[in-house]
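Coordinates as given in start_35.txt (compact mmCIF, C-alpha atoms and all ligand atoms):
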# COMPACT_ATOMS: atom_id res chain seq x y z
CA MET A 18 -26.23 -39.20 45.58
CA GLN A 19 -22.92 -40.99 46.04
CA PRO A 20 -21.16 -40.08 49.27
CA PHE A 21 -18.70 -37.28 48.64
CA ASP A 22 -15.86 -36.32 50.94
CA PRO A 23 -14.64 -32.84 49.95
CA GLU A 24 -11.73 -32.91 52.39
CA GLN A 25 -10.45 -36.21 50.97
CA ALA A 26 -10.97 -34.87 47.43
CA ILE A 27 -8.69 -31.89 48.15
CA THR A 28 -5.94 -34.18 49.45
CA GLU A 29 -6.25 -36.27 46.27
CA ALA A 30 -5.69 -33.25 44.01
CA ARG A 31 -2.11 -33.08 42.78
CA ARG A 32 -0.04 -31.54 45.54
CA GLU A 33 1.87 -28.38 44.75
CA PHE A 34 5.27 -28.11 46.43
CA GLY A 35 7.17 -24.88 46.94
CA GLU A 36 9.86 -23.94 44.46
CA HIS A 37 12.55 -25.62 46.61
CA GLY A 38 10.43 -28.54 47.80
CA GLY A 39 8.71 -26.39 50.39
CA VAL A 40 5.71 -27.92 52.13
CA VAL A 41 3.77 -24.81 51.17
CA PRO A 42 3.54 -23.69 47.53
CA SER A 43 5.54 -20.67 46.41
CA ILE A 44 3.73 -17.46 45.55
CA GLU A 45 4.18 -16.57 41.85
CA ARG A 46 3.82 -12.83 41.71
CA SER A 47 4.91 -12.21 38.12
CA SER A 48 2.37 -10.27 36.10
CA THR A 49 3.93 -11.52 32.86
CA PHE A 50 5.75 -14.71 31.84
CA THR A 51 8.63 -15.62 29.56
CA VAL A 52 7.44 -17.62 26.56
CA MET A 53 10.44 -19.83 25.72
CA GLU A 54 9.62 -20.41 22.04
CA PRO A 55 8.50 -17.39 20.00
CA GLY A 56 6.16 -19.56 17.92
CA GLU A 57 4.03 -20.28 20.97
CA MET A 58 2.91 -16.69 21.51
CA PRO A 59 0.46 -16.60 18.56
CA GLU A 60 -0.96 -19.97 19.57
CA ILE A 61 -1.74 -18.66 23.06
CA PHE A 62 -3.46 -15.62 21.59
CA ALA A 63 -5.42 -17.83 19.23
CA GLY A 64 -6.76 -19.66 22.29
CA LYS A 65 -5.10 -22.93 21.25
CA ARG A 66 -2.75 -23.18 24.20
CA SER A 67 -3.04 -22.48 27.92
CA PRO A 68 -1.14 -23.79 30.96
CA ASP A 69 -3.69 -26.60 31.40
CA ARG A 70 -3.29 -27.57 27.72
CA GLY A 71 0.45 -27.91 27.42
CA GLY A 72 1.17 -24.21 26.99
CA SER A 73 3.14 -21.75 29.05
CA TYR A 74 1.85 -18.94 31.21
CA LEU A 75 1.28 -15.61 29.49
CA TYR A 76 -0.06 -12.90 31.77
CA SER A 77 -1.54 -13.08 35.27
CA ARG A 78 -4.99 -11.74 34.36
CA HIS A 79 -5.20 -14.77 32.07
CA PHE A 80 -3.68 -17.59 34.13
CA ASN A 81 -1.38 -17.38 37.16
CA PRO A 82 0.35 -20.44 38.69
CA THR A 83 -0.54 -19.63 42.33
CA ILE A 84 -4.17 -18.90 41.50
CA ASN A 85 -4.27 -22.08 39.44
CA VAL A 86 -3.20 -24.16 42.45
CA LEU A 87 -6.01 -22.67 44.52
CA ASP A 88 -8.42 -23.25 41.63
CA ARG A 89 -7.42 -26.93 41.39
CA TYR A 90 -8.12 -27.40 45.11
CA LEU A 91 -11.45 -25.56 44.85
CA ALA A 92 -12.53 -27.69 41.89
CA ALA A 93 -11.58 -30.83 43.88
CA MET A 94 -13.56 -29.61 46.88
CA GLU A 95 -16.61 -28.94 44.74
CA GLY A 96 -16.32 -31.99 42.48
CA THR A 97 -16.19 -29.83 39.34
CA GLU A 98 -13.75 -30.01 36.42
CA PHE A 99 -12.64 -26.42 36.80
CA ALA A 100 -12.68 -23.43 39.13
CA VAL A 101 -11.93 -19.75 38.55
CA SER A 102 -11.19 -17.65 41.58
CA THR A 103 -11.91 -13.93 41.45
CA ALA A 104 -11.27 -10.77 43.46
CA SER A 105 -14.67 -10.88 45.22
CA GLY A 106 -17.86 -12.86 45.54
CA MET A 107 -19.73 -10.19 43.59
CA SER A 108 -17.30 -10.40 40.68
CA ALA A 109 -17.72 -14.19 40.60
CA ILE A 110 -21.50 -13.77 40.48
CA VAL A 111 -21.58 -11.03 37.85
CA CYS A 112 -19.02 -12.73 35.58
CA ALA A 113 -20.84 -16.08 35.73
CA LEU A 114 -24.22 -14.45 35.04
CA LEU A 115 -22.97 -12.22 32.21
CA GLN A 116 -21.26 -15.20 30.59
CA LEU A 117 -24.50 -17.19 30.62
CA CYS A 118 -26.98 -14.40 29.94
CA PRO A 119 -26.39 -11.98 27.06
CA HIS A 120 -28.20 -8.69 26.35
CA GLY A 121 -31.92 -9.43 25.95
CA GLY A 122 -31.68 -12.49 28.14
CA HIS A 123 -33.75 -13.18 31.24
CA ILE A 124 -32.91 -14.58 34.67
CA VAL A 125 -35.25 -16.24 37.16
CA SER A 126 -33.89 -15.66 40.63
CA SER A 127 -34.80 -16.63 44.14
CA ASN A 128 -36.31 -13.63 45.92
CA MET A 129 -34.30 -14.49 49.04
CA ILE A 130 -30.75 -13.60 48.16
CA TYR A 131 -27.88 -11.42 49.33
CA GLY A 132 -28.72 -7.70 49.05
CA GLY A 133 -25.83 -6.96 46.69
CA THR A 134 -26.94 -9.69 44.30
CA HIS A 135 -30.51 -8.40 44.51
CA ALA A 136 -29.28 -4.92 43.54
CA LEU A 137 -27.23 -6.38 40.68
CA LEU A 138 -30.24 -8.24 39.27
CA ASN A 139 -32.97 -5.72 40.07
CA ASP A 140 -31.21 -2.36 39.64
CA MET A 141 -28.08 -2.74 37.53
CA LEU A 142 -28.52 -5.52 34.95
CA PRO A 143 -31.80 -4.06 33.54
CA GLU A 144 -29.69 -1.06 32.44
CA MET A 145 -27.69 -3.56 30.40
CA GLY A 146 -30.74 -5.21 28.84
CA ILE A 147 -30.90 -8.21 31.19
CA ARG A 148 -34.12 -8.61 33.15
CA THR A 149 -34.80 -10.74 36.22
CA SER A 150 -38.01 -12.18 37.66
CA PHE A 151 -37.99 -13.11 41.34
CA ALA A 152 -39.81 -16.03 42.93
CA PRO A 153 -39.64 -17.89 46.24
CA PRO A 154 -36.93 -20.58 45.93
CA ASP A 155 -39.09 -23.12 47.76
CA ASP A 156 -42.07 -22.64 45.44
CA LEU A 157 -41.23 -24.67 42.35
CA ALA A 158 -44.51 -23.82 40.63
CA ALA A 159 -43.84 -20.08 41.03
CA ILE A 160 -40.30 -20.55 39.68
CA GLU A 161 -41.66 -22.45 36.69
CA ARG A 162 -44.28 -19.78 35.99
CA ALA A 163 -41.51 -17.14 35.94
CA ILE A 164 -39.58 -18.93 33.17
CA ARG A 165 -39.84 -17.27 29.74
CA PRO A 166 -38.59 -18.31 26.29
CA GLU A 167 -35.58 -16.00 26.74
CA THR A 168 -34.70 -17.27 30.24
CA LYS A 169 -31.08 -18.38 30.39
CA VAL A 170 -30.39 -18.78 34.11
CA LEU A 171 -32.07 -19.94 37.28
CA TYR A 172 -30.26 -18.40 40.27
CA VAL A 173 -30.58 -19.44 43.92
CA GLU A 174 -28.64 -19.49 47.19
CA THR A 175 -28.36 -22.86 48.95
CA LEU A 176 -29.48 -21.18 52.16
CA GLY A 177 -31.21 -17.91 51.34
CA ASN A 178 -29.63 -14.87 52.95
CA PRO A 179 -30.76 -14.07 55.61
CA THR A 180 -33.95 -16.11 55.95
CA LEU A 181 -32.15 -19.47 55.60
CA VAL A 182 -34.78 -20.87 53.24
CA VAL A 183 -33.42 -24.13 51.80
CA ALA A 184 -33.16 -24.55 48.02
CA ASP A 185 -34.15 -28.00 46.75
CA ILE A 186 -31.18 -28.09 44.37
CA PRO A 187 -31.94 -31.47 42.70
CA ALA A 188 -35.53 -30.41 41.93
CA LEU A 189 -34.43 -26.96 40.71
CA ALA A 190 -31.75 -28.54 38.51
CA ALA A 191 -34.26 -30.96 37.00
CA LEU A 192 -36.65 -28.09 36.23
CA ALA A 193 -33.90 -25.90 34.78
CA HIS A 194 -32.52 -28.64 32.54
CA GLU A 195 -35.98 -29.65 31.33
CA ARG A 196 -36.41 -26.04 30.17
CA GLY A 197 -32.91 -25.78 28.71
CA ILE A 198 -31.61 -23.25 31.23
CA LYS A 199 -28.58 -23.24 33.54
CA LEU A 200 -28.79 -23.48 37.32
CA VAL A 201 -26.36 -21.20 39.17
CA VAL A 202 -26.10 -21.71 42.94
CA ASP A 203 -24.46 -19.35 45.44
CA ASN A 204 -23.17 -21.75 48.12
CA THR A 205 -21.45 -19.12 50.30
CA PHE A 206 -23.35 -20.20 53.45
CA ALA A 207 -22.69 -23.93 53.05
CA PRO A 208 -19.24 -24.83 51.68
CA MET A 209 -18.47 -28.55 52.09
CA ILE A 210 -21.87 -29.05 53.76
CA VAL A 211 -23.84 -29.01 50.50
CA PRO A 212 -22.28 -29.98 47.13
CA PRO A 213 -24.47 -28.11 44.59
CA ALA A 214 -22.61 -29.26 41.48
CA ARG A 215 -23.02 -32.90 42.49
CA LEU A 216 -26.73 -32.22 43.00
CA GLY A 217 -27.12 -30.88 39.46
CA ALA A 218 -26.09 -27.21 39.55
CA ASP A 219 -24.26 -26.12 36.38
CA VAL A 220 -22.25 -23.37 38.06
CA VAL A 221 -21.47 -22.87 41.76
CA VAL A 222 -20.35 -19.44 42.99
CA TYR A 223 -18.87 -18.45 46.31
CA SER A 224 -17.93 -15.40 48.26
CA MET A 225 -14.68 -16.83 49.65
CA THR A 226 -14.56 -13.74 51.88
CA LYS A 227 -16.80 -15.69 54.26
CA TYR A 228 -16.32 -19.30 55.42
CA ILE A 229 -13.81 -20.47 52.82
CA ASN A 230 -11.17 -17.95 53.89
CA GLY A 231 -12.65 -17.74 57.38
CA ALA A 232 -10.38 -15.03 58.78
CA SER A 233 -12.24 -11.85 57.69
CA ASP A 234 -8.96 -10.45 56.35
CA LEU A 235 -9.49 -10.48 52.56
CA ILE A 236 -12.14 -10.30 49.83
CA ALA A 237 -12.31 -13.13 47.29
CA GLY A 238 -14.73 -15.21 45.25
CA CYS A 239 -14.81 -18.18 42.93
CA ILE A 240 -16.75 -19.88 40.16
CA CYS A 241 -16.77 -23.71 40.09
CA CYS A 242 -17.82 -25.09 36.74
CA THR A 243 -17.05 -27.29 33.75
CA ARG A 244 -13.73 -26.93 31.93
CA GLU A 245 -15.62 -25.59 28.90
CA PHE A 246 -17.35 -22.86 30.89
CA GLY A 247 -14.11 -22.00 32.69
CA HIS A 248 -12.32 -21.56 29.38
CA SER A 249 -15.16 -19.39 28.10
CA LEU A 250 -14.61 -17.09 31.11
CA TYR A 251 -10.96 -16.73 30.05
CA ASP A 252 -11.67 -16.32 26.33
CA LEU A 253 -9.55 -13.47 24.94
CA HIS A 254 -12.47 -12.01 22.97
CA THR A 255 -15.57 -12.64 25.11
CA GLY A 256 -14.36 -14.00 28.47
CA ARG A 257 -16.07 -12.04 31.26
CA VAL A 258 -13.28 -12.81 33.73
CA MET A 259 -10.58 -12.09 31.16
CA LEU A 260 -12.09 -8.80 29.99
CA LEU A 261 -13.78 -7.40 33.09
CA GLY A 262 -10.59 -8.31 34.92
CA PRO A 263 -11.54 -9.19 38.52
CA THR A 264 -8.24 -10.98 39.04
CA LEU A 265 -7.48 -12.27 42.52
CA ASP A 266 -4.10 -11.17 43.86
CA PRO A 267 -1.75 -14.21 44.05
CA ARG A 268 -0.91 -13.32 47.65
CA ALA A 269 -4.60 -13.43 48.58
CA ALA A 270 -4.94 -16.68 46.62
CA PHE A 271 -2.10 -18.12 48.68
CA ASP A 272 -3.79 -17.05 51.95
CA VAL A 273 -7.07 -18.73 50.97
CA MET A 274 -5.13 -21.85 49.91
CA GLN A 275 -3.52 -22.09 53.35
CA ARG A 276 -6.95 -22.07 55.01
CA LEU A 277 -8.64 -24.70 52.84
CA PRO A 278 -7.12 -27.64 54.75
CA HIS A 279 -9.01 -26.65 57.91
CA LEU A 280 -12.25 -25.50 56.27
CA GLY A 281 -13.86 -28.87 57.08
CA LEU A 282 -12.84 -28.69 60.75
CA ARG A 283 -14.16 -25.16 60.95
CA MET A 284 -17.50 -25.95 59.30
CA ARG A 285 -18.05 -28.87 61.71
CA GLU A 286 -17.37 -26.66 64.72
CA HIS A 287 -19.47 -23.72 63.45
CA GLY A 288 -22.32 -26.20 62.93
CA ARG A 289 -21.89 -28.04 66.24
CA ARG A 290 -22.03 -24.83 68.24
CA ALA A 291 -24.79 -23.20 66.23
CA LEU A 292 -27.03 -26.24 66.76
CA VAL A 293 -26.51 -26.25 70.55
CA ILE A 294 -27.13 -22.50 70.74
CA ALA A 295 -30.22 -22.64 68.49
CA GLN A 296 -31.71 -25.53 70.48
CA ARG A 297 -31.15 -23.66 73.74
CA LEU A 298 -32.66 -20.43 72.39
CA GLU A 299 -35.70 -22.35 71.15
CA GLN A 300 -36.12 -23.90 74.63
CA GLU A 301 -36.03 -20.39 76.06
CA GLY A 302 -38.90 -19.39 73.80
CA VAL A 303 -36.83 -17.17 71.50
CA ALA A 304 -37.95 -16.89 67.84
CA VAL A 305 -34.86 -18.54 66.39
CA ILE A 306 -34.53 -19.77 62.81
CA TYR A 307 -31.87 -22.43 62.15
CA PRO A 308 -31.95 -25.22 59.54
CA GLY A 309 -30.79 -27.73 62.15
CA LEU A 310 -33.99 -27.32 64.17
CA ALA A 311 -36.87 -29.69 63.39
CA SER A 312 -39.11 -26.60 63.51
CA HIS A 313 -37.35 -25.13 60.44
CA PRO A 314 -39.56 -25.64 57.34
CA GLY A 315 -36.54 -26.68 55.27
CA HIS A 316 -35.04 -29.04 57.88
CA GLU A 317 -35.80 -32.32 56.07
CA LYS A 318 -34.89 -30.86 52.68
CA PHE A 319 -31.56 -29.68 54.07
CA LYS A 320 -30.82 -33.15 55.46
CA ALA A 321 -31.54 -34.64 52.03
CA ILE A 322 -28.92 -32.47 50.28
CA ALA A 323 -26.28 -32.05 53.01
CA ASN A 324 -23.28 -34.08 54.04
CA PRO A 325 -24.26 -35.01 57.61
CA VAL A 326 -20.73 -34.88 59.05
CA TYR A 327 -20.71 -31.08 58.72
CA GLY A 328 -23.99 -30.35 60.50
CA PHE A 329 -26.27 -27.47 59.52
CA GLY A 330 -23.90 -24.55 59.23
CA GLY A 331 -23.13 -21.57 61.42
CA MET A 332 -25.87 -19.14 60.37
CA MET A 333 -29.02 -18.43 62.37
CA THR A 334 -31.48 -15.60 62.84
CA VAL A 335 -33.34 -14.34 65.87
CA ASP A 336 -36.47 -12.32 65.21
CA CYS A 337 -36.64 -9.57 67.80
CA GLY A 338 -39.76 -8.02 66.25
CA THR A 339 -38.63 -4.41 66.14
CA ALA A 340 -35.34 -2.72 65.28
CA GLU A 341 -35.27 -1.19 68.79
CA ARG A 342 -35.39 -4.61 70.46
CA ALA A 343 -32.81 -6.00 68.05
CA ASN A 344 -30.49 -3.09 68.80
CA ALA A 345 -30.99 -3.59 72.53
CA LEU A 346 -30.06 -7.25 72.18
CA LEU A 347 -27.03 -6.37 70.02
CA ALA A 348 -25.79 -3.87 72.60
CA VAL A 349 -26.01 -6.45 75.39
CA LEU A 350 -24.46 -9.23 73.29
CA GLN A 351 -21.47 -7.12 72.27
CA ASN A 352 -20.90 -4.60 75.03
CA GLU A 353 -22.05 -6.41 78.17
CA GLU A 354 -21.60 -10.09 77.42
CA GLN A 355 -18.83 -10.06 74.78
CA PHE A 356 -20.71 -12.79 72.88
CA GLY A 357 -19.88 -11.41 69.46
CA LEU A 358 -19.20 -8.37 67.32
CA ILE A 359 -21.70 -6.06 65.64
CA ALA A 360 -20.44 -6.37 62.07
CA VAL A 361 -21.66 -7.46 58.68
CA SER A 362 -20.18 -10.51 56.96
CA LEU A 363 -19.97 -14.07 58.23
CA GLY A 364 -17.80 -17.15 58.53
CA TYR A 365 -15.34 -15.56 60.95
CA TYR A 366 -13.93 -17.41 63.98
CA ASP A 367 -15.69 -14.93 66.26
CA THR A 368 -19.44 -14.45 66.17
CA LEU A 369 -20.61 -11.62 63.85
CA MET A 370 -24.07 -10.09 64.26
CA SER A 371 -26.12 -7.63 62.23
CA CYS A 372 -29.68 -6.56 61.53
CA SER A 373 -30.20 -7.71 57.96
CA GLY A 374 -33.02 -5.37 57.01
CA SER A 375 -30.99 -2.23 57.60
CA SER A 376 -27.64 -3.63 56.45
CA THR A 377 -26.82 -6.47 54.06
CA SER A 378 -30.41 -6.74 52.80
CA SER A 379 -31.13 -2.99 52.75
CA GLU A 380 -30.94 -3.03 48.95
CA ILE A 381 -34.22 -4.96 48.99
CA PRO A 382 -37.19 -2.52 49.24
CA ALA A 383 -38.95 -2.52 52.66
CA ARG A 384 -42.25 -3.87 51.30
CA GLU A 385 -40.48 -6.79 49.67
CA GLN A 386 -38.42 -7.44 52.79
CA GLN A 387 -41.62 -7.83 54.74
CA ALA A 388 -43.06 -10.21 52.17
CA ILE A 389 -40.03 -12.51 52.34
CA GLY A 390 -39.79 -12.57 56.11
CA ILE A 391 -37.14 -9.97 56.86
CA SER A 392 -38.63 -8.03 59.77
CA PRO A 393 -36.86 -4.83 60.91
CA GLY A 394 -35.91 -6.76 64.06
CA LEU A 395 -34.42 -9.77 62.30
CA LEU A 396 -30.96 -10.33 63.71
CA ARG A 397 -28.55 -12.49 61.74
CA LEU A 398 -25.82 -14.30 63.64
CA SER A 399 -22.79 -16.04 62.21
CA ILE A 400 -21.79 -18.27 65.10
CA GLY A 401 -18.05 -18.44 65.72
CA TYR A 402 -15.98 -21.05 67.52
CA THR A 403 -13.82 -19.06 69.94
CA GLY A 404 -14.25 -19.36 73.71
CA SER A 405 -15.90 -22.25 75.49
CA LEU A 406 -19.35 -23.25 74.29
CA GLU A 407 -20.59 -23.27 77.87
CA SER A 408 -19.63 -19.67 78.51
CA ARG A 409 -21.09 -18.66 75.11
CA LEU A 410 -24.40 -20.29 76.04
CA GLY A 411 -24.42 -18.45 79.34
CA GLN A 412 -23.75 -15.15 77.57
CA ILE A 413 -26.54 -15.46 75.00
CA VAL A 414 -29.11 -16.84 77.43
CA ARG A 415 -28.49 -13.92 79.79
CA ALA A 416 -28.61 -11.47 76.85
CA VAL A 417 -31.97 -12.66 75.46
CA ALA A 418 -33.43 -12.53 78.97
CA LYS A 419 -32.16 -8.97 79.49
CA ALA A 420 -33.58 -7.94 76.12
CA GLY A 421 -36.95 -9.40 77.06
CA LEU A 422 -37.03 -12.02 74.30
CA THR A 423 -37.57 -15.20 76.33
CA ARG A 424 -40.93 -16.85 76.92
CA ALA A 425 -40.87 -15.75 80.59
CA ASN A 426 -40.37 -12.12 79.59
CA GLY A 427 -42.13 -11.97 76.29
C1 LIG A 501 -21.01 -11.64 50.95
C2 LIG A 501 -21.84 -12.36 49.98
C3 LIG A 501 -21.69 -12.13 48.61
C4 LIG A 501 -20.74 -11.08 48.05
O1 LIG A 501 -19.41 -11.46 48.26
P1 LIG A 501 -18.18 -10.42 48.34
O2 LIG A 501 -17.00 -11.32 48.59
O3 LIG A 501 -18.46 -9.48 49.47
O4 LIG A 501 -18.11 -9.72 47.04
C5 LIG A 501 -22.47 -12.88 47.75
N1 LIG A 501 -23.34 -13.80 48.18
C6 LIG A 501 -23.52 -14.05 49.51
C7 LIG A 501 -24.48 -15.09 49.93
C8 LIG A 501 -22.79 -13.34 50.44
O5 LIG A 501 -22.97 -13.58 51.74
Conversion result in C-alpha cells:
Amino acid sequence: MQPFDPEQAITEARREFGEHGGVVPSIERSSTFTVMEPGEMPEIFAGKRSPDRGGSYLYSRHFNPTINVLDRYLAAMEGTEFAVSTASGMSAIVCALLQLCPHGGHIVSSNMIYGGTHALLNDMLPEMGIRTSFAPPDDLAAIERAIRPETKVLYVETLGNPTLVVADIPALAALAHERGIKLVVDNTFAPMIVPPARLGADVVVYSMTKYINGASDLIAGCICCTREFGHSLYDLHTGRVMLLGPTLDPRAAFDVMQRLPHLGLRMREHGRRALVIAQRLEQEGVAVIYPGLASHPGHEKFKAIANPVYGFGGMMTVDCGTAERANALLAVLQNEEQFGLIAVSLGYYDTLMSCSGSSTSSEIPAREQQAIGISPGLLRLSIGYTGSLESRLGQIVRAVAKAGLTRANG
C-alpha cells in the first residue's frame, strides 16, 4: 500500500471560506434553493444536474452546501471519490446495505459487530426479505463457506465491537471481489488509523458520533464510496438516502467539520495513552485485550493495515469474569478514582466504560455472546485523553487491585 496521510489529504481538499471570507465556512440552513433559470428545474429532477455536475442546489434532503463541504473533507480523509453524511451511524449502515442488497439478497457478516447492526441484520432485515449469515471475520474459510449465489455484500468492522478482532481487509476484499460481491467496512473504531477503501473496501461506513466528532454532543454517520454509488444513494427514484431521508442537520455537519482538523491529533493521543495503560494492566496480570499488545491475536495483522503514526486506537477490554466483578470495578473507577464515566459510546475526550454484554451488545443472544468471547464481565473502555497520563495510570492500577483483578489478588 502506498503511504497515505489523511490529515494532509484533508488540507489538500478545496478549502471552503465563509460567505464573507471567513476562516470558517458559513452554515447554509436553507431547506430549499432558488433555481435561477426555470429550464434547469426539470433537468435536476431528471437526474441530469446536481451541484457537483454544474447544477444548482435544489432541496436540502438532496444536496446541501454545508453538508457537501463536510462530505468533501470526509472523502479526502478516506481517499474515496465521494462521501455522504447522514443523521446517524445506523442510517449510514442501513442505507448503504439496502442500496447494495435488494429484496431476496443475502449478506455475509462478521459475527463480531455492534449490537445495533447485529439486530438490523438478524432481526429486522429478514422481515424485508434480506437474510444474513454470520461468520468469524478472522476465519476466511468460514466466510467463504457462507457465501451463496445471491450474496451481495460482505460486511465487517475493522476492529470488531467489542472483542477488537482485526479484519484482514485486503484478504476479505480479494475474496469478495473474486465472488462478485461488495465489501462494506464499518471503520468507526479506527478513523485515520486504518484506510479501508485504500485496502480494497468498496464502501466505508462510520458512526461519526464517536471518534470523528469526538465530543459526545451529536449523532451523525457517513458513507464513503465511489461517485457512482454516492449518486445512486441520492437517486430521486431509488436512492436510499434520498428516499429514507436520514439527512444530517447542516448545523451538526458544521460542528463535525470543525472537529476534523484535530481528529488526527486526538487519535494519536487516544492510542498513545491506551497503549501505556494496556501494557501496564498486562504487567499487573489483568486480562486486558488491546490490539497494540503483542499478545493480541490480531496484533501483526493490525500493523499490516494501519498507519503507524496513529498507534492502535483508544479501545480496549478488560475481562472481569463475572458481571458482579465488572460492576465492582466500574464503581471504583468512576466513583472512587474518577478514572472515567460509566456510559455507552466511545471516542469522547474522557474515558467511557460499559459492560458490553448487558449494553451495546445485548442485542446479541447470550449463547452467541459466549461463543464470540463476550463474557458477562467483559468491560469495554474507550480511553480518553484528559488529565495527566501518570495520574490516570495510578487510578486504574489502584482500581484493578481493589477489584481483585491483579495477579497478586486473583
Ligand atoms: C455506535 C456505533 C454504530 C451506530 O452509530 P450511531 O451513530 O449510534 O447510529 C455503528 N457501528 C459501530 C461500530 C458503533 O460503535
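All protein, DNA and RNA residues at most 8 Å from (-18.4, -21.5, 70.0) are A:Glu286, A:His287, A:Arg290, A:Ala291, A:Ile400, A:Gly401, A:Tyr402, A:Thr403, A:Gly404, A:Ser405, A:Leu406, A:Arg409, using only C-alpha atoms.
Residues in contact range of Ala345 in chain A, defined as at most 12 Å between all atoms listed in the file, with sequence neighbours fewer than 5 positions away removed, read A:Cys337, A:Gly338, A:Thr339, A:Ala340, A:Leu350, A:Gln351, A:Asn352, A:Glu353, A:Ile359, A:Cys372, A:Gly394, A:Leu396, A:Ala416, A:Val417, A:Ala418, A:Lys419, A:Ala420, A:Gly421, A:Leu422.
Residues lying within 8 Å of Val202 in chain A, counting all atoms listed in the file and ignoring same-chain neighbours fewer than 5 positions away, are Tyr172, Val173, Glu174, Thr175, Pro213, Ala218, Val220, Val221 and Val222 of chain A.
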Output C-alpha atoms for every residue in that selection, as a CSV table (one decimal), keeping the file's coordinate frame.
chain,number,residue,atom,x,y,z
A,172,TYR,CA,-30.3,-18.4,40.3
A,173,VAL,CA,-30.6,-19.4,43.9
A,174,GLU,CA,-28.6,-19.5,47.2
A,175,THR,CA,-28.4,-22.9,49.0
A,213,PRO,CA,-24.5,-28.1,44.6
A,218,ALA,CA,-26.1,-27.2,39.6
A,220,VAL,CA,-22.2,-23.4,38.1
A,221,VAL,CA,-21.5,-22.9,41.8
A,222,VAL,CA,-20.4,-19.4,43.0
Set the distance at 12 Å and use all atoms listed in the file: which residues neighbour range 188-198 of chain A once local chain neighbours fewer than 5 positions away are removed? I'd like the list as JSON, numbers by chain. {"A": [117, 118, 122, 123, 124, 125, 126, 127, 153, 154, 155, 156, 157, 158, 159, 160, 161, 162, 163, 164, 165, 166, 167, 168, 169, 170, 171, 172, 173, 174, 175, 183, 213, 214, 215, 216, 217, 218, 219, 220, 318, 321, 322]}
Could you give me the axis-aligned bounding box of ligand LIG 501 (chain A), with 6 Å of padding per side, as centre plus edge lengths in Å to one decimal, as AutoDock Vina command-line options?
--center_x -20.7 --center_y -12.3 --center_z 49.4 --size_x 19.5 --size_y 17.6 --size_z 16.7
Show me which residues are within 7 Å of ligand LIG 501 (chain A) counting only C-alpha atoms and all ligand atoms, and format the list as a PyMOL selection string. chain A and resi 105-108+130-131+133-134+174+178+203+205-206+223-227+236-238+362
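Note that the spacing between CA of Gly364 in chain A and CA of Ser399 in chain A amounts to 6.3 Å.
Among the candidate residues A:Ile84, A:Leu250, A:Ala26, A:Met333, the one lying nearest to Pro267 in chain A is A:Ile84, with distances computed using only C-alpha atoms.
Atom to atom, CA of Leu138 in chain A and CA of Val182 in chain A stand 19.4 Å apart.
The coordinates place CA of Leu137 in chain A at 12.3 Å from CA of Ala109 in chain A.
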Selected residue, from A:Asn230, A:His79, A:Gly177, A:Arg257, that lies nearest to Pro119 in chain A when counting all atoms listed in the file: A:Arg257
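Residues in contact range of Gly390 in chain A, defined as at most 12 Å between only C-alpha atoms, with sequence neighbours fewer than 2 positions away removed, read A:Asn128, A:Met129, A:Pro153, A:Gly177, A:Asn178, A:Pro179, A:Thr180, A:Leu181, A:Val182, A:Ile306, A:Thr334, A:Val335, A:Asp336, A:Gly338, A:Ser373, A:Gly374, A:Ser378, A:Ile381, A:Ala383, A:Arg384, A:Glu385, A:Gln386, A:Gln387, A:Ala388, A:Ser392, A:Pro393, A:Gly394, A:Leu395, A:Leu396.
Using all atoms listed in the file, the smallest distance between any of A:Gly247, A:Gly56, A:Gly315, A:Gly302 and Arg424 in chain A comes from A:Gly302.
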List as JSON, numbers by chain the protein and nucleic acid residues near Val326 in chain A, meaning an atom at most 12 Å away when only C-alpha atoms are counted, but skip any in the same chain fewer than 6 places from it. {"A": [20, 21, 22, 23, 24, 209, 210, 211, 281, 282, 283, 284, 285, 286, 288, 289, 320]}
Could you model N, CA, C and O atoms for range 153-160 of chain A and present them as a PDB file, keeping the file's coordinate frame?
ATOM      1  N   PRO A 153     -40.136 -17.197  45.046  1.00  0.00           N
ATOM      2  CA  PRO A 153     -39.640 -17.890  46.240  1.00  0.00           C
ATOM      3  C   PRO A 153     -38.920 -19.188  45.831  1.00  0.00           C
ATOM      4  O   PRO A 153     -39.451 -19.958  45.039  1.00  0.00           O
ATOM      5  N   PRO A 154     -37.717 -19.425  46.366  1.00  0.00           N
ATOM      6  CA  PRO A 154     -36.930 -20.580  45.930  1.00  0.00           C
ATOM      7  C   PRO A 154     -37.556 -21.907  46.326  1.00  0.00           C
ATOM      8  O   PRO A 154     -37.246 -22.940  45.733  1.00  0.00           O
ATOM      9  N   ASP A 155     -38.466 -21.871  47.322  1.00  0.00           N
ATOM     10  CA  ASP A 155     -39.090 -23.120  47.760  1.00  0.00           C
ATOM     11  C   ASP A 155     -40.474 -23.308  47.150  1.00  0.00           C
ATOM     12  O   ASP A 155     -41.236 -24.162  47.578  1.00  0.00           O
ATOM     13  N   ASP A 156     -40.785 -22.501  46.134  1.00  0.00           N
ATOM     14  CA  ASP A 156     -42.070 -22.640  45.440  1.00  0.00           C
ATOM     15  C   ASP A 156     -41.779 -22.947  43.966  1.00  0.00           C
ATOM     16  O   ASP A 156     -41.674 -22.048  43.131  1.00  0.00           O
ATOM     17  N   LEU A 157     -41.642 -24.249  43.683  1.00  0.00           N
ATOM     18  CA  LEU A 157     -41.230 -24.670  42.350  1.00  0.00           C
ATOM     19  C   LEU A 157     -42.214 -24.223  41.266  1.00  0.00           C
ATOM     20  O   LEU A 157     -41.805 -23.875  40.152  1.00  0.00           O
ATOM     21  N   ALA A 158     -43.495 -24.221  41.613  1.00  0.00           N
ATOM     22  CA  ALA A 158     -44.510 -23.820  40.630  1.00  0.00           C
ATOM     23  C   ALA A 158     -44.334 -22.340  40.274  1.00  0.00           C
ATOM     24  O   ALA A 158     -44.443 -21.963  39.102  1.00  0.00           O
ATOM     25  N   ALA A 159     -44.041 -21.516  41.283  1.00  0.00           N
ATOM     26  CA  ALA A 159     -43.840 -20.080  41.030  1.00  0.00           C
ATOM     27  C   ALA A 159     -42.577 -19.866  40.191  1.00  0.00           C
ATOM     28  O   ALA A 159     -42.557 -19.027  39.286  1.00  0.00           O
ATOM     29  N   ILE A 160     -41.544 -20.650  40.472  1.00  0.00           N
ATOM     30  CA  ILE A 160     -40.300 -20.550  39.680  1.00  0.00           C
ATOM     31  C   ILE A 160     -40.611 -20.915  38.227  1.00  0.00           C
ATOM     32  O   ILE A 160     -40.197 -20.219  37.293  1.00  0.00           O
TER      33      ILE A 160
END
